[in-house]
$ cat coords.cif   # mmCIF, C-alpha atoms and all ligand atoms
data_query
loop_
_atom_site.label_atom_id
_atom_site.label_comp_id
_atom_site.auth_asym_id
_atom_site.auth_seq_id
_atom_site.Cartn_x
_atom_site.Cartn_y
_atom_site.Cartn_z
CA MET A 195 107.17 109.09 231.65
CA LYS A 196 103.56 107.93 231.88
CA LEU A 197 101.39 109.75 229.38
CA SER A 198 97.63 110.05 229.13
CA LYS A 199 95.86 109.17 225.88
CA PHE A 200 95.91 112.90 225.13
CA GLY A 201 99.62 113.01 225.99
CA GLN A 202 100.39 110.06 223.77
CA LYS A 203 98.43 111.37 220.82
CA PHE A 204 99.77 114.91 220.97
CA THR A 205 103.41 114.14 221.76
CA GLN A 206 104.02 111.62 218.98
CA LYS A 207 106.01 112.71 215.95
CA SER A 208 103.82 111.24 213.27
CA GLY A 209 102.18 113.13 210.43
CA ILE A 210 102.50 116.85 210.34
CA VAL A 211 104.68 117.14 213.47
CA GLY A 212 107.29 114.76 212.01
CA LEU A 213 107.22 116.49 208.67
CA MET A 214 107.60 119.98 210.16
CA ASP A 215 110.43 118.68 212.32
CA ASP A 216 112.13 117.24 209.26
CA ILE A 217 111.73 120.54 207.39
CA GLY A 218 113.12 122.46 210.40
CA ASN A 219 116.13 120.15 210.67
CA ALA A 220 116.81 120.41 206.95
CA LEU A 221 116.87 124.20 207.25
CA ASP A 222 119.23 124.01 210.25
CA GLU A 223 121.61 121.76 208.33
CA ASN A 224 121.48 123.79 205.13
CA PRO A 225 120.43 127.43 205.68
CA ASN A 226 120.70 128.00 201.92
CA MET A 227 117.81 125.65 201.21
CA ILE A 228 115.24 127.11 198.86
CA PHE A 229 112.25 127.18 201.16
CA MET A 230 109.10 126.36 199.20
CA GLY A 231 107.58 124.30 201.98
CA GLY A 232 105.88 126.24 204.75
CA GLY A 233 102.92 128.57 204.89
CA ASN A 234 104.81 131.80 205.54
CA PRO A 235 103.42 134.82 203.71
CA GLY A 236 105.60 136.79 201.28
CA GLN A 237 107.54 139.86 202.39
CA LEU A 238 105.90 142.96 200.93
CA PRO A 239 107.89 146.12 201.80
CA GLU A 240 104.97 148.54 201.24
CA VAL A 241 102.74 146.55 203.58
CA GLU A 242 105.49 146.10 206.17
CA LYS A 243 105.94 149.88 206.18
CA VAL A 244 102.25 150.43 207.00
CA PHE A 245 102.49 147.92 209.87
CA GLN A 246 105.67 149.51 211.18
CA GLN A 247 104.14 153.01 211.24
CA LYS A 248 101.02 151.78 212.99
CA LEU A 249 103.02 149.84 215.59
CA GLU A 250 105.30 152.80 216.28
CA SER A 251 102.41 155.18 216.79
CA LEU A 252 100.56 152.68 219.03
CA LEU A 253 103.60 152.15 221.23
CA ALA A 254 104.37 155.89 221.38
CA ASP A 255 100.95 156.55 222.95
CA PRO A 256 101.25 155.78 226.71
CA ILE A 257 97.57 154.91 227.17
CA LYS A 258 97.45 152.59 224.16
CA ARG A 259 100.82 151.08 225.09
CA GLN A 260 99.59 150.31 228.60
CA SER A 261 96.39 148.72 227.28
CA ILE A 262 98.32 146.59 224.75
CA LEU A 263 101.14 145.45 227.02
CA GLY A 264 99.80 145.66 230.54
CA VAL A 265 96.16 144.54 230.53
CA TYR A 266 94.46 141.18 229.94
CA GLN A 267 91.81 141.53 227.26
CA SER A 268 88.44 139.89 227.79
CA PRO A 269 88.46 136.21 226.70
CA GLN A 270 86.16 137.05 223.77
CA GLY A 271 88.60 139.78 222.67
CA ASP A 272 88.76 143.57 222.81
CA LYS A 273 85.21 144.91 222.39
CA GLU A 274 86.22 147.95 220.33
CA PHE A 275 87.95 145.65 217.82
CA ARG A 276 84.97 143.32 217.64
CA VAL A 277 82.68 146.30 217.02
CA ALA A 278 85.01 147.47 214.21
CA VAL A 279 85.05 143.99 212.58
CA ALA A 280 81.26 143.59 212.89
CA SER A 281 80.42 146.99 211.44
CA PHE A 282 82.91 146.45 208.60
CA LEU A 283 81.30 143.10 207.67
CA LYS A 284 77.80 144.50 208.01
CA LYS A 285 78.60 147.47 205.79
CA GLN A 286 80.53 145.49 203.15
CA PHE A 287 78.26 142.46 202.85
CA GLY A 288 75.02 143.34 204.63
CA TRP A 289 75.48 140.51 207.14
CA ASP A 290 73.15 140.69 210.11
CA LEU A 291 75.66 140.62 212.95
CA ASN A 292 77.20 142.63 215.77
CA HIS A 293 80.18 142.39 218.14
CA ASN A 294 78.51 139.49 220.01
CA ASN A 295 78.94 137.41 216.87
CA ILE A 296 82.73 137.87 216.94
CA ALA A 297 85.44 136.30 219.08
CA ILE A 298 89.22 136.57 218.89
CA SER A 299 91.69 133.68 219.01
CA ASN A 300 95.45 133.34 219.31
CA GLY A 301 95.74 132.52 215.59
CA SER A 302 92.98 130.70 213.73
CA GLN A 303 94.75 127.36 214.32
CA SER A 304 93.89 127.53 218.02
CA ALA A 305 90.29 128.47 217.14
CA PHE A 306 90.10 125.29 215.05
CA PHE A 307 91.39 123.20 217.93
CA ILE A 308 88.62 124.55 220.14
CA LEU A 309 85.79 124.50 217.59
CA TYR A 310 86.50 121.05 216.16
CA ASN A 311 86.82 119.42 219.58
CA MET A 312 83.75 121.30 220.79
CA PHE A 313 81.60 119.66 218.10
CA ALA A 314 83.25 116.30 217.33
CA GLY A 315 84.66 113.33 219.22
CA SER A 316 82.99 111.30 221.98
CA MET A 317 79.44 112.48 222.59
CA PRO A 318 77.63 112.40 225.95
CA ASN A 319 75.36 109.54 224.73
CA GLY A 320 78.35 107.36 223.82
CA ASP A 321 78.16 108.11 220.08
CA TYR A 322 81.20 109.26 218.17
CA HIS A 323 80.91 112.27 215.87
CA SER A 324 83.36 113.47 213.23
CA ILE A 325 84.06 116.53 211.10
CA HIS A 326 83.36 116.08 207.41
CA LEU A 327 85.60 117.64 204.76
CA PRO A 328 83.49 117.93 201.58
CA LEU A 329 86.63 118.24 199.49
CA SER A 330 89.91 116.66 200.53
CA PRO A 331 92.90 117.46 199.96
CA GLU A 332 92.52 120.00 202.77
CA TYR A 333 94.70 121.99 205.15
CA ILE A 334 97.31 119.71 206.76
CA GLY A 335 96.93 121.58 210.07
CA TYR A 336 93.52 119.96 210.66
CA LYS A 337 94.92 116.44 210.45
CA ASP A 338 96.10 115.84 214.02
CA ILE A 339 93.84 118.36 215.76
CA GLY A 340 91.28 115.96 217.23
CA VAL A 341 91.63 114.95 220.87
CA ASN A 342 90.19 111.61 219.70
CA GLU A 343 91.37 109.45 216.79
CA ASN A 344 89.52 109.14 213.46
CA PHE A 345 88.32 112.67 213.69
CA PHE A 346 87.63 113.32 210.01
CA THR A 347 85.58 111.87 207.22
CA ALA A 348 86.01 113.29 203.73
CA THR A 349 84.69 113.21 200.20
CA ARG A 350 87.03 112.56 197.31
CA PRO A 351 86.73 115.40 194.76
CA SER A 352 85.84 115.08 191.11
CA ILE A 353 88.56 116.29 188.78
CA GLU A 354 88.00 118.58 185.82
CA LEU A 355 90.82 118.63 183.28
CA LEU A 356 91.43 122.09 181.82
CA ASP A 357 93.56 123.58 179.04
CA ASP A 358 97.16 124.70 179.58
CA ASN A 359 97.99 121.67 181.77
CA LEU A 360 95.58 122.85 184.45
CA PHE A 361 92.97 120.93 186.43
CA LYS A 362 90.38 121.81 189.06
CA TYR A 363 88.80 119.88 191.92
CA HIS A 364 85.06 120.12 192.51
CA VAL A 365 82.96 118.94 195.42
CA ASP A 366 81.48 115.62 194.27
CA PHE A 367 77.93 116.00 195.55
CA SER A 368 77.01 112.64 194.00
CA THR A 369 79.15 110.85 196.60
CA LEU A 370 79.08 113.36 199.47
CA ALA A 371 77.37 111.47 202.28
CA LEU A 372 76.61 112.99 205.66
CA SER A 373 75.32 110.86 208.51
CA ASP A 374 73.74 111.57 211.86
CA LYS A 375 77.30 111.19 213.20
CA THR A 376 78.56 114.18 211.20
CA ALA A 377 79.27 117.02 213.63
CA ALA A 378 80.09 119.79 211.14
CA MET A 379 81.49 120.37 207.66
CA CYS A 380 84.60 122.42 207.00
CA VAL A 381 86.19 123.90 203.88
CA SER A 382 89.10 126.28 203.41
CA ARG A 383 88.26 128.95 200.82
CA PRO A 384 90.66 129.62 199.08
CA ALA A 385 91.95 126.16 199.84
CA ASN A 386 95.30 125.23 201.24
CA PRO A 387 97.02 123.27 199.63
CA THR A 388 95.40 123.56 196.19
CA GLY A 389 94.57 127.24 195.66
CA ASN A 390 91.05 126.07 194.73
CA VAL A 391 88.19 128.47 195.42
CA LEU A 392 84.85 126.73 195.90
CA THR A 393 82.26 128.33 193.62
CA ASP A 394 79.29 130.24 195.04
CA ASP A 395 77.06 127.34 193.89
CA GLU A 396 79.18 124.82 195.77
CA ILE A 397 79.10 126.94 198.93
CA ASN A 398 75.32 127.47 198.68
CA HIS A 399 74.79 123.74 198.18
CA LEU A 400 76.96 122.92 201.22
CA ASP A 401 75.09 125.57 203.20
CA GLU A 402 71.75 123.89 202.35
CA LEU A 403 73.09 120.44 203.29
CA ALA A 404 74.42 121.78 206.60
CA LYS A 405 71.10 123.40 207.44
CA GLU A 406 69.20 120.23 206.52
CA LYS A 407 71.40 118.22 208.88
CA ASN A 408 71.35 120.94 211.53
CA ILE A 409 75.15 121.07 211.65
CA PRO A 410 77.44 124.10 211.21
CA LEU A 411 79.29 124.84 207.98
CA ILE A 412 82.76 126.06 208.94
CA ILE A 413 84.52 128.21 206.33
CA ASP A 414 88.22 128.73 206.89
CA GLY A 415 88.96 132.12 205.35
CA ALA A 416 92.65 132.30 206.30
CA TYR A 417 93.48 133.38 202.71
CA GLY A 418 90.13 134.72 201.76
CA LEU A 419 87.37 137.13 201.98
CA PRO A 420 87.32 139.92 202.97
CA PHE A 421 90.99 140.00 204.07
CA PRO A 422 93.73 139.15 203.13
CA ASN A 423 91.69 138.62 199.94
CA ILE A 424 94.25 136.41 198.19
CA ILE A 425 91.69 135.31 195.67
CA PHE A 426 91.92 135.61 191.89
CA THR A 427 88.39 134.57 190.86
CA GLU A 428 84.93 135.97 191.46
CA ALA A 429 83.58 134.60 194.73
CA THR A 430 80.96 135.93 197.12
CA PRO A 431 81.81 135.93 200.82
CA HIS A 432 79.40 133.71 202.72
CA TRP A 433 78.06 133.90 206.25
CA ASN A 434 74.80 133.28 208.06
CA GLN A 435 73.71 132.11 211.51
CA ASN A 436 74.58 128.51 210.59
CA THR A 437 78.05 129.38 209.26
CA ILE A 438 81.20 129.68 211.31
CA LEU A 439 83.66 131.84 209.40
CA THR A 440 87.24 132.05 210.64
CA LEU A 441 89.60 134.79 209.53
CA SER A 442 93.22 135.49 210.35
CA LEU A 443 95.75 138.33 210.21
CA SER A 444 98.55 135.86 209.42
CA LYS A 445 98.47 135.85 205.64
CA MET A 446 98.22 139.67 205.58
CA GLY A 447 101.85 139.44 206.72
CA LEU A 448 101.33 139.20 210.49
CA PRO A 449 101.69 135.51 211.48
CA GLY A 450 103.82 136.58 214.46
CA LEU A 451 100.91 138.45 216.04
CA ARG A 452 98.82 135.23 216.28
CA THR A 453 95.43 136.77 215.69
CA GLY A 454 92.41 134.85 214.46
CA ILE A 455 88.79 135.97 214.27
CA VAL A 456 85.76 133.69 214.70
CA ILE A 457 82.40 134.86 213.32
CA ALA A 458 79.39 132.78 214.30
CA ASN A 459 75.98 132.88 215.94
CA GLU A 460 75.97 134.13 219.52
CA LYS A 461 75.51 130.70 221.11
CA VAL A 462 78.59 129.31 219.35
CA ILE A 463 80.62 132.42 220.24
CA GLU A 464 79.60 132.15 223.88
CA LYS A 465 80.65 128.50 224.08
CA TYR A 466 83.85 129.10 222.11
CA THR A 467 84.70 131.93 224.54
CA ASN A 468 84.22 129.68 227.57
CA VAL A 469 86.68 127.13 226.16
CA ASN A 470 89.08 129.89 225.13
CA THR A 471 89.08 131.20 228.70
CA ILE A 472 90.13 127.80 230.02
CA VAL A 473 92.75 127.17 227.35
CA ASN A 474 94.18 130.66 226.79
CA LEU A 475 92.76 132.92 229.51
CA SER A 476 92.73 135.72 226.97
CA CYS A 477 94.20 136.53 223.57
CA GLY A 478 97.14 138.68 222.53
CA SER A 479 96.30 142.40 222.30
CA LEU A 480 98.74 143.61 219.68
CA GLY A 481 97.05 142.07 216.62
CA PRO A 482 93.60 143.50 217.39
CA ALA A 483 95.11 146.91 218.29
CA LEU A 484 97.00 147.10 215.00
CA ALA A 485 94.08 145.81 212.92
CA LYS A 486 91.74 148.30 214.63
CA GLU A 487 93.86 151.11 213.20
CA LEU A 488 93.67 149.48 209.74
CA PHE A 489 89.88 149.32 210.00
CA LYS A 490 89.71 152.98 211.08
CA THR A 491 91.70 154.19 208.07
CA GLY A 492 90.23 151.72 205.54
CA GLU A 493 93.71 150.35 204.89
CA ILE A 494 92.42 146.85 205.70
CA VAL A 495 90.86 146.98 202.22
CA SER A 496 93.37 149.14 200.35
CA ILE A 497 96.52 147.20 201.27
CA THR A 498 94.91 143.91 200.28
CA GLN A 499 93.65 145.34 196.95
CA ASP A 500 96.74 147.39 196.09
CA TYR A 501 99.56 145.15 197.29
CA ILE A 502 98.66 141.74 198.72
CA LYS A 503 96.34 140.34 196.05
CA PRO A 504 98.41 141.63 193.07
CA PHE A 505 101.64 140.25 194.57
CA TYR A 506 100.30 136.70 194.88
CA GLN A 507 98.38 136.78 191.61
CA GLU A 508 101.46 137.80 189.66
CA ARG A 509 103.60 135.24 191.46
CA ALA A 510 101.09 132.44 190.84
CA ASN A 511 101.08 133.21 187.10
CA LYS A 512 104.86 133.46 186.90
CA ALA A 513 105.42 130.26 188.87
CA ALA A 514 102.91 128.33 186.74
CA ASN A 515 104.63 129.58 183.57
CA TRP A 516 108.08 128.59 184.88
CA PHE A 517 106.74 125.10 185.55
CA ARG A 518 105.32 124.98 182.00
CA GLN A 519 108.71 126.07 180.65
CA TYR A 520 110.77 123.54 182.64
CA LEU A 521 108.40 120.56 182.70
CA GLY A 522 107.81 120.72 178.93
CA LYS A 523 105.98 117.66 177.69
CA LEU A 524 105.95 115.69 180.95
CA PRO A 525 102.50 114.48 182.06
CA TYR A 526 102.04 117.13 184.75
CA ARG A 527 99.06 119.24 185.71
CA ILE A 528 98.78 122.32 187.94
CA HIS A 529 95.66 122.99 189.96
CA LYS A 530 94.11 126.17 188.52
CA PRO A 531 95.58 128.87 190.78
CA GLU A 532 92.50 130.68 192.08
CA GLY A 533 93.91 131.95 195.38
CA ALA A 534 96.14 131.33 198.44
CA ILE A 535 99.92 131.19 198.20
CA PHE A 536 100.80 127.78 196.73
CA LEU A 537 100.80 125.82 193.51
CA TRP A 538 99.48 122.26 193.74
CA LEU A 539 101.09 119.96 191.19
CA TRP A 540 99.88 116.59 189.97
CA PHE A 541 102.35 114.21 188.31
CA LYS A 542 100.19 111.47 186.86
CA ASP A 543 101.57 107.92 187.20
CA LEU A 544 104.81 109.23 188.70
CA PRO A 545 106.98 106.13 189.28
CA ILE A 546 108.03 107.36 192.77
CA THR A 547 105.87 108.59 195.64
CA SER A 548 105.62 112.29 196.42
CA HIS A 549 107.42 111.52 199.71
CA GLU A 550 110.37 110.11 197.78
CA LEU A 551 110.32 113.13 195.48
CA TYR A 552 110.33 115.38 198.58
CA GLN A 553 113.39 113.50 199.93
CA ARG A 554 115.23 113.81 196.60
CA LEU A 555 114.44 117.52 196.44
CA LYS A 556 115.68 118.02 199.99
CA ILE A 557 119.04 116.57 198.97
CA ARG A 558 119.06 119.03 196.02
CA GLY A 559 118.42 121.93 198.43
CA VAL A 560 114.73 122.55 197.74
CA LEU A 561 112.05 122.11 200.40
CA VAL A 562 108.47 121.39 199.34
CA VAL A 563 105.61 119.51 201.03
CA PRO A 564 104.62 116.07 199.73
CA GLY A 565 100.94 115.78 198.87
CA ASP A 566 99.87 112.62 200.78
CA ASP A 567 99.39 114.27 204.16
CA PHE A 568 96.85 116.74 202.81
CA PHE A 569 94.34 114.01 201.96
CA VAL A 570 92.86 114.30 205.45
CA GLY A 571 90.04 111.80 206.03
CA ILE A 572 90.71 109.81 202.84
CA ASP A 573 92.13 106.51 204.00
CA ASP A 574 91.54 104.44 200.91
CA GLU A 575 94.12 103.61 198.29
CA TRP A 576 93.98 106.33 195.66
CA SER A 577 97.13 106.66 193.55
CA HIS A 578 96.43 110.40 193.08
CA LYS A 579 97.31 110.88 196.77
CA ARG A 580 100.93 109.97 196.09
CA GLU A 581 101.26 112.02 192.90
CA CYS A 582 100.86 115.56 194.24
CA LEU A 583 103.19 118.21 195.64
CA ARG A 584 102.57 121.58 197.30
CA VAL A 585 104.97 124.35 196.34
CA SER A 586 104.98 127.81 197.90
CA TYR A 587 105.92 130.69 195.58
CA VAL A 588 106.44 133.51 198.09
CA GLN A 589 110.27 133.58 198.20
CA PRO A 590 112.24 136.07 196.08
CA GLU A 591 111.61 135.47 192.38
CA LEU A 592 115.07 134.23 191.50
CA LEU A 593 114.92 131.57 194.18
CA VAL A 594 111.44 130.47 193.16
CA LYS A 595 112.53 130.11 189.55
CA GLN A 596 115.65 128.21 190.56
CA GLY A 597 113.58 125.95 192.84
CA ILE A 598 111.11 125.24 190.05
CA GLN A 599 113.95 124.32 187.70
CA ILE A 600 115.34 121.84 190.25
CA ILE A 601 111.88 120.36 190.96
CA SER A 602 111.36 119.91 187.23
CA GLU A 603 114.75 118.19 186.80
CA GLU A 604 113.97 115.73 189.59
CA VAL A 605 110.48 115.03 188.22
CA MET A 606 111.97 114.36 184.80
CA LYS A 607 114.51 111.94 186.31
CA ALA A 608 111.73 110.16 188.19
CA TYR A 609 109.69 109.70 184.99
CA GLN A 610 112.85 108.41 183.25
CA GLY A 611 113.31 105.87 186.05
CA ILE A 612 116.61 107.40 187.19
C1 LIG A 701 93.96 127.08 205.57
C2 LIG A 701 94.60 127.52 206.83
N1 LIG A 701 93.84 127.69 207.91
C3 LIG A 701 94.34 128.09 209.09
C4 LIG A 701 95.69 128.33 209.24
C5 LIG A 701 96.21 128.76 210.57
O1 LIG A 701 96.70 130.07 210.52
P1 LIG A 701 96.90 131.01 211.80
O2 LIG A 701 96.83 130.12 213.02
O3 LIG A 701 98.23 131.62 211.61
O4 LIG A 701 95.76 131.99 211.78
C6 LIG A 701 96.55 128.17 208.14
C7 LIG A 701 98.01 128.38 208.27
O5 LIG A 701 98.80 128.15 207.40
C8 LIG A 701 95.98 127.76 206.90
O6 LIG A 701 96.74 127.58 205.82
#

$ encode --input "coords.cif" --output "structure tokens"
Amino acid sequence: MKLSKFGQKFTQKSGIVGLMDDIGNALDENPNMIFMGGGNPGQLPEVEKVFQQKLESLLADPIKRQSILGVYQSPQGDKEFRVAVASFLKKQFGWDLNHNNIAISNGSQSAFFILYNMFAGSMPNGDYHSIHLPLSPEYIGYKDIGVNENFFTATRPSIELLDDNLFKYHVDFSTLALSDKTAAMCVSRPANPTGNVLTDDEINHLDELAKEKNIPLIIDGAYGLPFPNIIFTEATPHWNQNTILTLSLSKMGLPGLRTGIVIANEKVIEKYTNVNTIVNLSCGSLGPALAKELFKTGEIVSITQDYIKPFYQERANKAANWFRQYLGKLPYRIHKPEGAIFLWLWFKDLPITSHELYQRLKIRGVLVVPGDDFFVGIDDEWSHKRECLRVSYVQPELLVKQGIQIISEEVMKAYQGI
């Protein structure tokens, strides 16, 4: 088979594709694996019940059913839904926007593919532009997304050591360097993999830098504000004409509906929509139809406040305490859990790499994600990159506790040189 450069880059099994394949195979071989690896949301019966009722009533209505199943939506997404999202955001945060500032995507991942490649890569004048990540480790799903190679630059964070074996990354503005080859900056807030939430000051500073350089600031709100609102600190939602905010229904508990939302100035939305038409023709209708009902009833806010946020906050605290209990006096640190659905662990001077630890844990029946691959854009040798692990805590409590015990045993053996 003769493959294009695109074909070669996107069919290879390096990086995230290889890792996901490995995780999938491990689950096939041992279905009893404790799955603390992927980004699946937790199962929340109360929330599932709301979704079920809404879906049943939508499908029972012949007109709505026909419009959901039998009609292509416009490539920018159902107008009624975009109006509902815009008026919600305007009312909640006073943002100056309307439905022309909103576009729908088949999951926010596909929006990132379009947006990143729209701004970065080979430029018409022969230059090469890249996306800058002001704080890496960042979401592993960005890593291989560029049609061209070397798509990301990144700034190494500063590390603040906190009490109770915690630590926190901060954007290191003293080393953050943008050039005239920087196409855009992007941050996830709350961050995958770390659960870090950039402070309002950090976001405002990044916003100023982006405006100075005349480049967009992309904020990935897959876990954040205003929904699913998996955020345990005080943080102000941020948007203006120079910001591209992406939201998603996935972490509300609806990853199967593949619905993402892009909020940006009208020019960006128009261009995004043109690409989306070529790549996807139009987006799935079920997610917007269901979410529209949640906007109408206000449940978009109440289910996040009453069920989603408390579930993850309680789990994060419990999981951190189980680690404290089982890791005892080992030289570990946990990134301060401020949001999202993972704990990010740092084992200082661990004698084995996080990849080796991942392999050992797989043999013990626990799947996690090794930290190295999250350091997108950081190519230099930094031992910290090999000392971190991402652990999801969404599985049933007993399994999470059992998984944490096994992880702790393997970490202890590694420190003992066994
Ligand atoms: C930070 C972040 N952004 C974006 C995505 C993509 O989510 P989706 O395509 O389901 O909207 C994920 C998925 O795990 C994520 O963790």

$ closest_atom_pairs --input "coords.cif" --of "chain A" --to "ligand LIG 701 (chain A)" --cutoff "10 Å" --atoms "all atoms listed in the file" --output "JSON lines"
{"residue": "A:Gly232", "atom": "CA", "partner": "A:LIG701", "partner_atom": "O5", "distance": 7.8}
{"residue": "A:Gly233", "atom": "CA", "partner": "A:LIG701", "partner_atom": "O5", "distance": 4.8}
{"residue": "A:Asn234", "atom": "CA", "partner": "A:LIG701", "partner_atom": "O5", "distance": 7.3}
{"residue": "A:Pro235", "atom": "CA", "partner": "A:LIG701", "partner_atom": "O5", "distance": 8.9}
{"residue": "A:Ser299", "atom": "CA", "partner": "A:LIG701", "partner_atom": "O4", "distance": 8.5}
{"residue": "A:Asn300", "atom": "CA", "partner": "A:LIG701", "partner_atom": "O2", "distance": 7.2}
{"residue": "A:Gly301", "atom": "CA", "partner": "A:LIG701", "partner_atom": "O2", "distance": 3.7}
{"residue": "A:Ser302", "atom": "CA", "partner": "A:LIG701", "partner_atom": "O4", "distance": 3.6}
{"residue": "A:Gln303", "atom": "CA", "partner": "A:LIG701", "partner_atom": "O2", "distance": 3.7}
{"residue": "A:Ser304", "atom": "CA", "partner": "A:LIG701", "partner_atom": "O2", "distance": 6.4}
{"residue": "A:Ala305", "atom": "CA", "partner": "A:LIG701", "partner_atom": "O2", "distance": 7.9}
{"residue": "A:Phe306", "atom": "CA", "partner": "A:LIG701", "partner_atom": "C3", "distance": 7.8}
{"residue": "A:Glu332", "atom": "CA", "partner": "A:LIG701", "partner_atom": "C1", "distance": 7.7}
{"residue": "A:Tyr333", "atom": "CA", "partner": "A:LIG701", "partner_atom": "C1", "distance": 5.2}
{"residue": "A:Ile334", "atom": "CA", "partner": "A:LIG701", "partner_atom": "O6", "distance": 7.9}
{"residue": "A:Gly335", "atom": "CA", "partner": "A:LIG701", "partner_atom": "C6", "distance": 6.9}
{"residue": "A:Tyr336", "atom": "CA", "partner": "A:LIG701", "partner_atom": "N1", "distance": 8.2}
{"residue": "A:Val381", "atom": "CA", "partner": "A:LIG701", "partner_atom": "C1", "distance": 8.6}
{"residue": "A:Ser382", "atom": "CA", "partner": "A:LIG701", "partner_atom": "C1", "distance": 5.4}
{"residue": "A:Arg383", "atom": "CA", "partner": "A:LIG701", "partner_atom": "C1", "distance": 7.7}
{"residue": "A:Pro384", "atom": "CA", "partner": "A:LIG701", "partner_atom": "C1", "distance": 7.7}
{"residue": "A:Ala385", "atom": "CA", "partner": "A:LIG701", "partner_atom": "C1", "distance": 6.1}
{"residue": "A:Asn386", "atom": "CA", "partner": "A:LIG701", "partner_atom": "C1", "distance": 4.9}
{"residue": "A:Pro387", "atom": "CA", "partner": "A:LIG701", "partner_atom": "O6", "distance": 7.5}
{"residue": "A:Gly389", "atom": "CA", "partner": "A:LIG701", "partner_atom": "C1", "distance": 9.9}
{"residue": "A:Ile413", "atom": "CA", "partner": "A:LIG701", "partner_atom": "N1", "distance": 9.5}
{"residue": "A:Asp414", "atom": "CA", "partner": "A:LIG701", "partner_atom": "N1", "distance": 5.8}
{"residue": "A:Gly415", "atom": "CA", "partner": "A:LIG701", "partner_atom": "N1", "distance": 7.1}
{"residue": "A:Ala416", "atom": "CA", "partner": "A:LIG701", "partner_atom": "N1", "distance": 5.0}
{"residue": "A:Tyr417", "atom": "CA", "partner": "A:LIG701", "partner_atom": "C1", "distance": 6.9}
{"residue": "A:Gly418", "atom": "CA", "partner": "A:LIG701", "partner_atom": "C1", "distance": 9.4}
{"residue": "A:Thr440", "atom": "CA", "partner": "A:LIG701", "partner_atom": "C3", "distance": 8.3}
{"residue": "A:Leu441", "atom": "CA", "partner": "A:LIG701", "partner_atom": "O4", "distance": 7.1}
{"residue": "A:Ser442", "atom": "CA", "partner": "A:LIG701", "partner_atom": "O4", "distance": 4.6}
{"residue": "A:Leu443", "atom": "CA", "partner": "A:LIG701", "partner_atom": "O4", "distance": 6.5}
{"residue": "A:Ser444", "atom": "CA", "partner": "A:LIG701", "partner_atom": "O3", "distance": 4.8}
{"residue": "A:Lys445", "atom": "CA", "partner": "A:LIG701", "partner_atom": "O3", "distance": 7.3}
{"residue": "A:Gly447", "atom": "CA", "partner": "A:LIG701", "partner_atom": "O3", "distance": 9.9}
{"residue": "A:Leu448", "atom": "CA", "partner": "A:LIG701", "partner_atom": "O3", "distance": 8.3}
{"residue": "A:Pro449", "atom": "CA", "partner": "A:LIG701", "partner_atom": "O3", "distance": 5.2}
{"residue": "A:Gly450", "atom": "CA", "partner": "A:LIG701", "partner_atom": "O3", "distance": 8.0}
{"residue": "A:Leu451", "atom": "CA", "partner": "A:LIG701", "partner_atom": "O3", "distance": 8.6}
{"residue": "A:Arg452", "atom": "CA", "partner": "A:LIG701", "partner_atom": "O3", "distance": 5.9}
{"residue": "A:Thr453", "atom": "CA", "partner": "A:LIG701", "partner_atom": "O4", "distance": 6.2}
{"residue": "A:Gly454", "atom": "CA", "partner": "A:LIG701", "partner_atom": "O4", "distance": 5.2}
{"residue": "A:Ile455", "atom": "CA", "partner": "A:LIG701", "partner_atom": "O4", "distance": 8.4}
{"residue": "A:Ala534", "atom": "CA", "partner": "A:LIG701", "partner_atom": "O6", "distance": 8.3}
{"residue": "A:Ile535", "atom": "CA", "partner": "A:LIG701", "partner_atom": "O6", "distance": 9.0}
{"residue": "A:Phe536", "atom": "CA", "partner": "A:LIG701", "partner_atom": "O6", "distance": 10.0}

$ closest_residue --input "coords.cif" --among "A:Gly271, A:Lys243, A:Ile425, A:Lys595" --to "A:Ile497" --atoms "all atoms listed in the file"
A:Lys243

$ atom_distance --input "coords.cif" --atom1 "atom CA of A:Ser261" --atom2 "atom CA of A:Ala483"
9.3 Å

$ residues_around --input "coords.cif" --residues "A:Asn359" --least-positions-apart "6" --cutoff "8 Å" --atoms "only C-alpha atoms" --output "VMD selection string"
chain A and resid 526 to 528

$ atom_distance --input "coords.cif" --atom1 "atom CA of A:Ile412" --atom2 "atom CA of A:Glu575"
27.3 Å

$ atom_distance --input "coords.cif" --atom1 "atom CA of A:Asp216" --atom2 "atom CA of A:Val605"
21.2 Å

$ residues_around --input "coords.cif" --residues "A:Lys490" --least-positions-apart "4" --cutoff "12 Å" --atoms "all atoms listed in the file" --output "list of chain:residue names"
A:Lys248, A:Glu274, A:Phe275, A:Val277, A:Ala278, A:Val279, A:Ser281, A:Phe282, A:Ala483, A:Leu484, A:Ala485, A:Lys486, A:Ile494, A:Val495, A:Ser496

$ residues_around --input "coords.cif" --residues "A:Gln507" --least-positions-apart "5" --cutoff "12 Å" --atoms "all atoms listed in the file" --output "VMD selection string"
chain A and resid 389 423 to 427 498 to 502 512 to 514 530 to 537 587 to 588

$ closest_residue --input "coords.cif" --among "A:Ile472, A:Ile600, A:Leu291, A:Ile257" --to "A:Asn434" --atoms "all atoms listed in the file"
A:Leu291

$ closest_residue --input "coords.cif" --among "A:Gln237, A:Gln596, A:Asn295, A:Gln260" --to "A:Leu283" --atoms "only C-alpha atoms"
A:Asn295

$ closest_residue --input "coords.cif" --among "A:Phe345, A:Phe367, A:Trp538, A:Phe361" --to "A:Leu329" --atoms "all atoms listed in the file"
A:Phe367

$ residues_around --input "coords.cif" --residues "A:Phe229" --least-positions-apart "3" --cutoff "9 Å" --atoms "only C-alpha atoms" --output "list in words"
Leu221, Asn226, Gly232, Gly559, Val560, Leu561, Val562, Ser586, Gln589, Leu593, Val594 and Gly597 of chain A
